[in-house]
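Student: File target_7.csv follows (CSV, C-alpha atoms):
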```
chain,number,residue,atom,x,y,z
O,237,MET,CA,180.0,118.2,68.0
O,238,ALA,CA,181.9,118.6,71.3
O,239,ILE,CA,180.9,121.4,73.6
O,240,SER,CA,183.2,124.4,73.5
O,241,PRO,CA,185.3,124.7,76.6
O,242,THR,CA,184.1,128.3,77.0
O,243,PRO,CA,180.5,128.5,75.6
O,244,PRO,CA,178.9,131.9,75.3
O,245,THR,CA,177.7,133.3,78.7
O,246,PRO,CA,174.1,134.4,78.8
O,247,LEU,CA,174.0,138.1,79.5
O,248,GLY,CA,171.5,139.8,81.9
O,249,GLU,CA,170.9,141.3,85.3
O,250,SER,CA,167.1,141.4,85.6
O,251,PRO,CA,165.5,139.3,88.4
O,252,ALA,CA,163.5,137.2,85.9
O,253,PHE,CA,166.7,136.4,83.9
O,254,LEU,CA,168.8,135.6,87.0
O,255,ASP,CA,166.1,133.4,88.4
O,256,MET,CA,166.0,131.4,85.2
O,257,LEU,CA,169.8,131.0,85.3
O,258,ALA,CA,169.7,129.8,88.8
O,259,HIS,CA,167.1,127.2,87.8
O,260,VAL,CA,169.4,126.1,85.0
O,261,SER,CA,172.3,125.7,87.4
O,262,ARG,CA,170.1,123.5,89.7
O,263,LEU,CA,169.0,121.3,86.8
O,264,ALA,CA,172.3,120.9,85.0
O,265,PRO,CA,173.9,118.2,87.2
O,266,LEU,CA,170.8,116.0,87.1
O,267,ASP,CA,170.8,113.2,84.5
O,268,ARG,CA,167.2,113.8,83.4
O,269,PRO,CA,165.5,115.3,80.3
O,270,VAL,CA,164.8,119.0,80.3
O,271,LEU,CA,162.3,121.0,78.3
O,272,VAL,CA,163.3,124.6,77.4
O,273,VAL,CA,160.3,126.8,76.5
O,274,GLY,CA,160.6,130.3,75.1
O,275,GLU,CA,159.6,132.6,72.3
O,276,ARG,CA,161.7,132.9,69.1
O,277,GLY,CA,164.9,134.7,69.7
O,278,THR,CA,165.1,134.1,73.5
O,279,GLY,CA,168.2,131.9,73.3
O,280,LYS,CA,166.9,128.4,73.7
O,281,GLU,CA,170.0,126.7,72.2
O,282,LEU,CA,172.3,128.9,74.4
O,283,ILE,CA,170.5,127.6,77.5
O,284,ALA,CA,170.6,124.0,76.3
O,285,THR,CA,174.4,124.4,75.8
O,286,ARG,CA,174.7,125.8,79.3
O,287,LEU,CA,172.7,122.8,80.7
O,288,ALA,CA,175.2,120.5,79.0
O,289,TYR,CA,178.3,122.4,79.9
O,290,LEU,CA,177.4,122.5,83.6
O,291,SER,CA,176.6,118.8,83.7
O,292,PRO,CA,178.8,115.8,84.3
O,293,ARG,CA,178.7,115.3,80.5
O,294,TRP,CA,180.4,118.6,79.8
O,295,ASP,CA,183.3,116.9,78.0
O,296,ARG,CA,181.2,114.6,76.0
O,297,PRO,CA,179.5,115.2,72.6
O,298,PHE,CA,176.8,117.9,72.4
O,299,VAL,CA,174.7,117.2,69.3
O,300,ALA,CA,171.9,119.5,68.1
O,301,LEU,CA,169.1,119.0,65.6
O,302,ASN,CA,166.3,121.3,64.5
O,303,CYS,CA,163.2,119.1,64.1
O,304,ALA,CA,161.4,121.8,62.1
O,305,ALA,CA,164.0,121.7,59.3
O,306,LEU,CA,163.3,118.2,58.1
O,307,ALA,CA,160.3,116.2,56.8
O,308,GLU,CA,159.3,113.1,58.7
O,309,PRO,CA,161.3,110.4,56.7
O,310,LEU,CA,164.5,112.6,56.8
O,311,LEU,CA,164.0,113.4,60.5
O,312,ASP,CA,163.6,109.7,61.3
O,313,SER,CA,166.9,108.9,59.5
O,314,GLU,CA,168.7,111.9,60.9
O,315,LEU,CA,167.8,111.0,64.5
O,316,PHE,CA,168.3,107.2,64.3
O,317,GLY,CA,170.5,106.6,61.3
O,318,HIS,CA,169.8,104.2,58.5
O,319,GLU,CA,171.1,101.0,57.0
O,320,ALA,CA,172.5,100.7,53.5
O,321,GLY,CA,169.6,100.2,51.1
O,322,ALA,CA,166.9,101.4,53.6
O,323,PHE,CA,165.7,103.8,50.8
O,324,THR,CA,166.8,104.8,47.3
O,325,SER,CA,169.6,107.2,48.2
O,326,ALA,CA,170.9,105.1,51.2
O,327,MET,CA,174.1,103.8,49.6
O,328,ARG,CA,175.8,103.1,52.9
O,329,ARG,CA,175.1,102.8,56.6
O,330,ARG,CA,174.8,106.1,58.4
O,331,ALA,CA,174.8,106.8,62.2
O,332,GLY,CA,172.1,109.1,63.5
O,333,ARG,CA,172.2,111.9,66.0
O,334,PHE,CA,171.4,109.6,69.0
O,335,GLU,CA,174.5,107.5,68.1
O,336,LEU,CA,176.6,110.5,67.7
O,337,ALA,CA,175.5,111.9,71.0
O,338,ASP,CA,176.2,108.6,72.9
O,339,GLY,CA,177.6,109.5,76.3
O,340,GLY,CA,176.7,113.1,75.9
O,341,THR,CA,173.7,115.4,75.3
O,342,LEU,CA,171.3,115.6,72.4
O,343,PHE,CA,169.5,118.9,71.9
O,344,LEU,CA,166.2,118.6,69.9
O,345,ASP,CA,165.0,122.1,68.9
O,346,GLU,CA,161.4,122.7,67.8
O,347,ILE,CA,160.4,119.3,69.1
O,348,ALA,CA,156.7,120.1,68.5
O,349,ASN,CA,157.4,119.8,64.8
O,350,ALA,CA,158.3,116.1,65.0
O,351,SER,CA,155.6,113.7,63.8
O,352,LEU,CA,153.7,111.4,66.2
O,353,ALA,CA,155.6,108.4,64.7
O,354,VAL,CA,159.0,110.0,65.3
O,355,GLN,CA,157.9,111.1,68.7
O,356,GLU,CA,157.2,107.5,69.6
O,357,LYS,CA,160.7,106.5,68.7
O,358,ILE,CA,162.2,109.4,70.6
O,359,LEU,CA,160.2,108.3,73.7
O,360,ARG,CA,161.6,104.8,73.4
O,361,ALA,CA,165.1,106.0,73.0
O,362,ILE,CA,164.8,108.2,76.1
O,363,GLU,CA,162.9,105.7,78.2
O,364,TYR,CA,164.9,102.5,77.3
O,365,GLY,CA,168.1,103.9,75.8
O,366,SER,CA,167.5,101.8,72.6
O,367,PHE,CA,166.3,102.1,69.0
O,368,GLU,CA,166.8,100.6,65.6
O,369,ARG,CA,168.2,102.3,62.5
O,370,VAL,CA,165.8,103.0,59.6
O,371,GLY,CA,165.8,99.7,57.6
O,372,GLY,CA,167.5,97.8,60.3
O,373,ASN,CA,166.6,95.0,62.7
O,374,ASP,CA,169.4,95.3,65.3
O,375,THR,CA,168.6,97.1,68.5
O,376,LEU,CA,171.2,99.6,69.5
O,377,GLY,CA,171.8,101.0,73.0
O,378,VAL,CA,172.9,104.5,73.8
O,379,ASP,CA,173.4,106.7,76.9
O,380,VAL,CA,172.1,110.1,75.9
O,381,ARG,CA,170.6,113.0,77.9
O,382,VAL,CA,167.9,114.7,75.9
O,383,ILE,CA,167.2,118.5,76.1
O,384,ALA,CA,164.2,119.6,74.0
O,385,ALA,CA,163.1,123.1,73.2
O,386,THR,CA,159.9,124.6,71.8
O,387,ASN,CA,158.0,127.9,71.5
O,388,ALA,CA,154.7,126.0,71.3
O,389,ASP,CA,152.2,125.2,74.0
O,390,LEU,CA,152.9,121.5,74.3
O,391,PRO,CA,150.3,120.7,76.9
O,392,ALA,CA,147.6,122.2,74.6
O,393,LEU,CA,149.0,120.2,71.7
O,394,ALA,CA,149.0,117.0,73.8
O,395,ALA,CA,145.3,117.7,74.8
O,396,ALA,CA,144.5,118.1,71.1
O,397,GLY,CA,146.2,114.8,70.2
O,398,ARG,CA,148.9,116.5,68.2
O,399,PHE,CA,151.8,115.7,70.6
O,400,ARG,CA,152.3,112.5,72.6
O,401,ALA,CA,151.3,113.0,76.2
O,402,ASP,CA,153.7,110.3,77.3
O,403,LEU,CA,156.6,112.0,75.6
O,404,LEU,CA,155.7,115.3,77.1
O,405,ASP,CA,155.6,113.7,80.6
O,406,ARG,CA,159.1,112.2,80.0
O,407,LEU,CA,160.6,115.4,78.6
O,408,ALA,CA,159.1,117.7,81.2
O,409,PHE,CA,161.0,116.2,84.2
O,410,ASP,CA,161.5,120.0,84.6
O,411,VAL,CA,160.8,123.0,82.4
O,412,VAL,CA,163.0,126.0,81.9
O,413,LEU,CA,160.9,129.1,81.0
O,414,LEU,CA,162.9,131.7,79.2
O,415,PRO,CA,161.6,135.3,79.8
O,416,PRO,CA,161.0,137.3,76.7
O,417,LEU,CA,163.0,140.5,76.3
O,418,ARG,CA,159.9,142.7,77.2
O,419,GLU,CA,159.9,141.1,80.7
O,420,ARG,CA,163.6,142.0,81.2
O,421,SER,CA,163.7,145.4,79.5
O,422,GLY,CA,166.3,146.5,82.0
O,423,ASP,CA,168.8,144.2,80.3
O,424,ILE,CA,168.4,146.0,76.9
O,425,PRO,CA,171.3,148.5,77.4
O,426,LEU,CA,173.6,145.8,78.6
O,427,LEU,CA,172.8,143.5,75.7
O,428,ALA,CA,172.9,146.4,73.2
O,429,GLY,CA,176.3,147.5,74.4
O,430,HIS,CA,177.7,143.9,74.1
O,431,PHE,CA,176.4,143.5,70.5
O,432,ALA,CA,177.6,146.9,69.5
O,433,ALA,CA,181.1,146.3,70.8
O,434,ARG,CA,181.2,142.9,69.1
O,435,MET,CA,180.1,144.4,65.8
O,436,THR,CA,182.6,147.3,66.1
O,437,ALA,CA,185.4,144.8,66.5
O,438,ALA,CA,184.2,142.8,63.5
O,439,LEU,CA,184.3,146.0,61.4
O,440,GLY,CA,187.9,146.7,62.5
O,441,ARG,CA,187.1,149.9,64.4
O,442,ALA,CA,189.0,150.9,67.5
O,443,TYR,CA,186.1,151.3,69.9
O,444,PHE,CA,182.4,151.9,70.2
O,445,PRO,CA,181.6,155.4,71.6
O,446,GLY,CA,178.2,154.4,73.1
O,447,PHE,CA,174.6,155.2,72.4
O,448,ALA,CA,173.0,158.7,72.3
O,449,PRO,CA,170.0,159.1,74.6
O,450,ALA,CA,167.6,159.1,71.7
O,451,ALA,CA,168.9,155.8,70.5
O,452,LEU,CA,168.5,154.3,74.0
O,453,ASP,CA,165.0,155.7,74.2
O,454,ALA,CA,164.2,154.0,70.8
O,455,LEU,CA,165.5,150.7,72.0
O,456,ALA,CA,163.5,150.9,75.2
O,457,ALA,CA,160.3,151.8,73.3
O,458,HIS,CA,160.3,148.9,70.9
O,459,ALA,CA,158.2,145.8,71.7
O,460,TRP,CA,160.9,143.3,70.5
O,461,PRO,CA,158.7,140.5,69.2
O,462,GLY,CA,161.9,138.8,68.0
O,463,ASN,CA,163.5,139.2,71.5
O,464,VAL,CA,167.3,139.1,71.9
O,465,ARG,CA,167.9,137.9,68.3
O,466,GLU,CA,166.0,140.9,67.0
O,467,LEU,CA,167.9,143.2,69.3
O,468,ARG,CA,171.2,141.9,68.1
O,469,ASN,CA,170.2,142.4,64.5
O,470,VAL,CA,169.0,145.9,65.1
O,471,VAL,CA,172.2,146.9,67.0
O,472,GLU,CA,174.6,145.3,64.5
O,473,ARG,CA,172.7,146.9,61.6
O,474,SER,CA,172.8,150.3,63.2
O,475,VAL,CA,176.5,150.1,64.1
O,476,CYS,CA,177.3,149.0,60.5
O,477,ARG,CA,175.4,152.0,59.1
O,478,MET,CA,177.1,154.6,61.3
O,479,THR,CA,178.5,157.4,59.1
O,480,ARG,CA,180.5,158.9,62.0
O,481,PRO,CA,181.8,156.0,64.1
O,482,ASP,CA,183.7,158.4,66.3
O,483,ARG,CA,180.4,159.8,67.7
O,484,LYS,CA,177.8,158.2,69.8
O,485,LEU,CA,175.3,156.1,67.8
O,486,ALA,CA,172.2,158.3,67.4
O,487,GLU,CA,170.2,156.4,64.7
O,488,VAL,CA,168.7,153.0,65.5
O,489,VAL,CA,167.5,151.2,62.4
O,490,ILE,CA,164.8,148.9,63.7
O,491,ASP,CA,162.9,148.3,60.5
O,492,PRO,CA,165.3,147.9,57.5
O,493,PHE,CA,162.4,147.9,55.1
O,494,GLY,CA,160.9,151.2,56.4
O,495,PRO,CA,162.0,154.9,56.0
O,496,ARG,CA,164.8,156.0,58.3
O,497,SER,CA,164.0,159.0,60.5
O,498,GLY,CA,166.3,162.0,60.8
O,499,THR,CA,167.2,161.3,64.4
O,500,GLY,CA,167.0,157.6,64.3
O,501,ALA,CA,164.8,157.5,67.4
O,502,VAL,CA,161.5,155.7,67.0
O,503,ALA,CA,158.7,158.2,67.0
O,504,GLY,CA,156.7,158.3,70.2
O,505,PRO,CA,153.0,158.8,70.8
O,506,PRO,CA,151.4,161.9,69.2
O,507,VAL,CA,152.1,165.0,71.3
O,508,VAL,CA,149.8,168.0,71.3
O,509,ALA,CA,151.8,171.2,70.6
O,510,ALA,CA,151.5,174.1,73.0
O,511,GLY,CA,148.6,176.3,72.2
O,512,SER,CA,146.9,173.8,69.9
O,513,ALA,CA,143.5,172.4,70.6
O,514,PRO,CA,143.2,169.1,72.4
O,515,PRO,CA,141.5,166.2,70.6
O,516,ALA,CA,137.8,166.7,70.3
O,517,LEU,CA,135.7,164.9,72.9
O,518,PRO,CA,132.9,162.5,71.8
O,519,ALA,CA,129.4,164.0,71.7
O,520,VAL,CA,127.4,164.1,74.9
O,521,GLY,CA,125.3,161.0,75.2
O,522,THR,CA,127.8,158.8,73.2
O,523,GLY,CA,128.2,155.4,74.9
O,524,LEU,CA,131.6,154.8,76.5
O,525,ARG,CA,132.4,151.8,74.3
O,526,ALA,CA,131.5,153.6,71.2
O,527,ALA,CA,133.5,156.6,72.2
O,528,VAL,CA,136.6,154.5,73.0
O,529,HIS,CA,136.2,152.7,69.7
O,530,ALA,CA,136.0,156.0,67.8
O,531,LEU,CA,139.0,157.4,69.6
O,532,GLU,CA,141.0,154.3,68.9
O,533,GLY,CA,140.1,154.5,65.2
O,534,ARG,CA,141.2,158.1,65.0
O,535,MET,CA,144.5,157.4,66.7
O,536,LEU,CA,145.2,154.5,64.4
O,537,ALA,CA,144.4,156.6,61.3
O,538,GLU,CA,146.6,159.5,62.5
O,539,ALA,CA,149.5,157.2,63.3
O,540,LEU,CA,149.3,155.5,59.9
O,541,ALA,CA,149.2,158.9,58.2
O,542,ALA,CA,152.2,160.2,60.2
O,543,THR,CA,154.2,157.1,59.2
O,544,ARG,CA,153.2,157.0,55.6
O,545,PHE,CA,151.1,153.9,56.3
O,546,ASN,CA,154.1,151.9,57.6
O,547,GLN,CA,152.3,149.7,60.1
O,548,ARG,CA,155.3,148.7,62.1
O,549,GLN,CA,156.3,152.3,62.7
O,550,ALA,CA,152.7,153.2,63.4
O,551,ALA,CA,152.6,150.5,66.1
O,552,VAL,CA,155.7,151.9,67.8
O,553,ARG,CA,154.3,155.4,67.6
O,554,LEU,CA,151.3,154.2,69.6
O,555,GLY,CA,153.3,152.2,72.0
O,556,LEU,CA,152.0,148.9,70.7
O,557,GLY,CA,153.5,145.7,69.5
O,558,TYR,CA,153.1,144.9,65.8
O,559,ASP,CA,150.6,142.1,66.5
O,560,GLN,CA,148.7,144.2,68.9
O,561,PHE,CA,148.4,147.0,66.3
O,562,ARG,CA,147.2,144.5,63.7
O,563,ARG,CA,144.5,143.3,66.0
O,564,CYS,CA,143.3,146.8,66.7
O,565,LEU,CA,143.4,147.6,63.0
O,566,ARG,CA,141.2,144.6,62.2
O,567,GLY,CA,138.5,146.2,64.4
O,568,HIS,CA,138.5,149.3,62.1
O,569,PRO,CA,137.9,148.2,58.5
O,570,ASP,CA,137.4,151.8,57.4
O,571,VAL,CA,140.9,152.7,58.6
O,572,ARG,CA,142.4,149.5,57.3
O,573,ASP,CA,140.9,149.9,53.8
O,574,GLY,CA,142.0,153.5,53.8
O,575,ALA,CA,145.6,152.3,54.5
O,576,GLY,CA,145.4,150.0,51.5
O,577,ARG,CA,146.0,146.9,53.6
```
Any chance you could give the structure as structure tokens?
Tutor:
Amino acid sequence: MAISPTPPTPLGESPAFLDMLAHVSRLAPLDRPVLVVGERGTGKELIATRLAYLSPRWDRPFVALNCAALAEPLLDSELFGHEAGAFTSAMRRRAGRFELADGGTLFLDEIANASLAVQEKILRAIEYGSFERVGGNDTLGVDVRVIAATNADLPALAAAGRFRADLLDRLAFDVVLLPPLRERSGDIPLLAGHFAARMTAALGRAYFPGFAPAALDALAAHAWPGNVRELRNVVERSVCRMTRPDRKLAEVVIDPFGPRSGTGAVAGPPVVAAGSAPPALPAVGTGLRAAVHALEGRMLAEALAATRFNQRQAAVRLGLGYDQFRRCLRGHPDVRDGAGR
């Protein structure tokens, strides 16, 4: 496909995000491979598109392929094409993505999922600009800039023999590291406002009245393991569920599977009410580690009880990410078993 004349603009004002964009701008004009690394939902394809749009190949094809979506034989054929009769269902010759991207840019998402055999063919196509179709003998030449993306630790995979070190060397002419949303939390209101306005327009409403303070607090308190993609889903879902679209959005629906709170704000850490007794201190002589472990178990149990054993909501209540909460819970089998997990 050709690149849109006006591709989406990455949104953000945080220093980490602006440094990353500046890095992209410096790399874009260079006719070299680039490796884009980031967690799920950080916008790897958006950055790949920006690299292509700011390059001298901006008006040439931009072709994308998710390497995780296809098994090895299909991925081989999809990348390099096949000749008629190469396999049972190959009724006619078919061009692959390298051919379709000739003169332009090929974006290989989730490159870590490609088999070692396919990686070897990708390396040759990058290194020499040549390859053969599946089932063919003719060597074809192409001029393609490859941008690859992954959320995996490719150096570790290469050290373990699960990713070709020579391909990694070739791809990593330079590496663009996308900051996760938790490292650019100051961008959350900006991004949330953008997604809310876009969803409001899609629903045919006149305008978006903004977020109530409780909703902004809920967005700021969440760990966002799914990054910008998760934020977009949360905001769009919440805007769609507004019963009074003329008032500020007060309820943020972070977990569509869990119960919805009355205010919509994610519950914060437990607060001791005025006049109530503080949590009991461990007995004198208790070791520090044992005391901390016991207190952690008590807080986990109280958070689970307060959220009706919804682990995601309990994690937010304690100011933890979901994976952090699960790791803590594994250290307290009595609490975990009591939760029925």
Student: Would you kindly return, as a ChimeraX atom specification, each protein, DNA or RNA residue with an atom no farther than 8 Å from any atom of segment 306-310 of chain O, considering all atoms listed in the file and excluding same-chain residues fewer than 3 positions away?
Tutor: /O:302-303,313-314,350-351,354
Student: Provide the atom CA of Arg296 of chain O to atom CA of Leu315 of chain O distance in Å, to one decimal place.
Tutor: 18.0 Å
Student: Using only C-alpha atoms, which protein or nucleic acid residues come within 9 Å of segment 521-536 of chain O? Drop anything in the same chain fewer than 4 positions from it, and give the result as a PDB file with C-alpha atoms, in the frame of the given file.
Tutor:
```pdb
ATOM      1  CA  PRO O 506     151.400 161.900  69.200  1.00  0.00           C
ATOM      2  CA  LEU O 517     135.700 164.900  72.900  1.00  0.00           C
ATOM      3  CA  LEU O 540     149.300 155.500  59.900  1.00  0.00           C
ATOM      4  CA  ALA O 541     149.200 158.900  58.200  1.00  0.00           C
ATOM      5  CA  ALA O 550     152.700 153.200  63.400  1.00  0.00           C
ATOM      6  CA  ALA O 551     152.600 150.500  66.100  1.00  0.00           C
ATOM      7  CA  LEU O 554     151.300 154.200  69.600  1.00  0.00           C
ATOM      8  CA  PHE O 561     148.400 147.000  66.300  1.00  0.00           C
ATOM      9  CA  CYS O 564     143.300 146.800  66.700  1.00  0.00           C
ATOM     10  CA  LEU O 565     143.400 147.600  63.000  1.00  0.00           C
ATOM     11  CA  GLY O 567     138.500 146.200  64.400  1.00  0.00           C
ATOM     12  CA  HIS O 568     138.500 149.300  62.100  1.00  0.00           C
ATOM     13  CA  ASP O 570     137.400 151.800  57.400  1.00  0.00           C
ATOM     14  CA  VAL O 571     140.900 152.700  58.600  1.00  0.00           C
TER      15      VAL O 571
END
```
Student: Just how far from atom CA of Glu335 of chain O is atom CA of His318 of chain O, in Å to one decimal?
Tutor: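 Between atom CA of His318 of chain O and atom CA of Glu335 of chain O the gap works out to 11.2 Å.
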Student: Please identify all polymer residues within 6 Å of segment 338-348 of chain O, counting all atoms listed in the file, omitting same-chain residues fewer than 2 positions from it, and present them as a list of chain:residue names.
Tutor: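 Within the cut-off, the hits are O:Arg293, O:Arg296, O:Pro297, O:Phe298, O:Val299, O:Ala300, O:Leu301, O:Asn302, O:Cys303, O:Ala304, O:Glu335, O:Leu336, O:Ala350, O:Val378, O:Asp379, O:Val380, O:Arg381, O:Val382, O:Ile383, O:Ala384, O:Ala385, O:Thr386.
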Student: Could you tell me how far atom CA of Arg420 of chain O sits from atom CA of Thr278 of chain O, in Å to one decimal place?
Tutor: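 Atom CA of Thr278 of chain O sits 11.1 Å away from atom CA of Arg420 of chain O.
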Student: What lies within 10 Å of Met435 of chain O using all atoms listed in the file, ignoring chain neighbours under 6 positions off, as a list in words?
Tutor: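 Counting all atoms listed in the file, the residues come to Gly429, Arg441, Phe444, Arg468, Val471, Glu472, Arg473, Ser474, Val475 and Cys476 of chain O.
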Student: Need to verify the contact set: Leu352 of chain O, 10 Å, all atoms listed in the file, exclusion of same-chain residues closer than 6 positions in sequence. Can you return it as a list in words?
Tutor: Glu308, Ile358, Gly397, Arg398, Phe399, Arg400 and Leu403 of chain O
Student: Identify which of the residues O:Leu254, O:Val273, O:Leu263, O:Leu426 lies closest to Pro391 of chain O, counting all atoms listed in the file when measuring atom-to-atom distances.
Tutor: O:Val273
Student: Hey, which of O:Arg544, O:Arg360, O:Arg369, O:Arg566 ends up closest to Ala331 of chain O? Count all atoms listed in the file.
Tutor: O:Arg369
Student: Which of these residues is nearest to Ala442 of chain O, using only C-alpha atoms: O:Val488, O:Asp482, O:Ala258, O:Phe253?
Tutor: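 The closest residue to Ala442 of chain O is O:Asp482.
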Student: So, counting all atoms listed in the file, which residue among O:Leu407, O:Leu282, O:Ala486, O:Ala396 is closest to Ala450 of chain O?
Tutor: O:Ala486
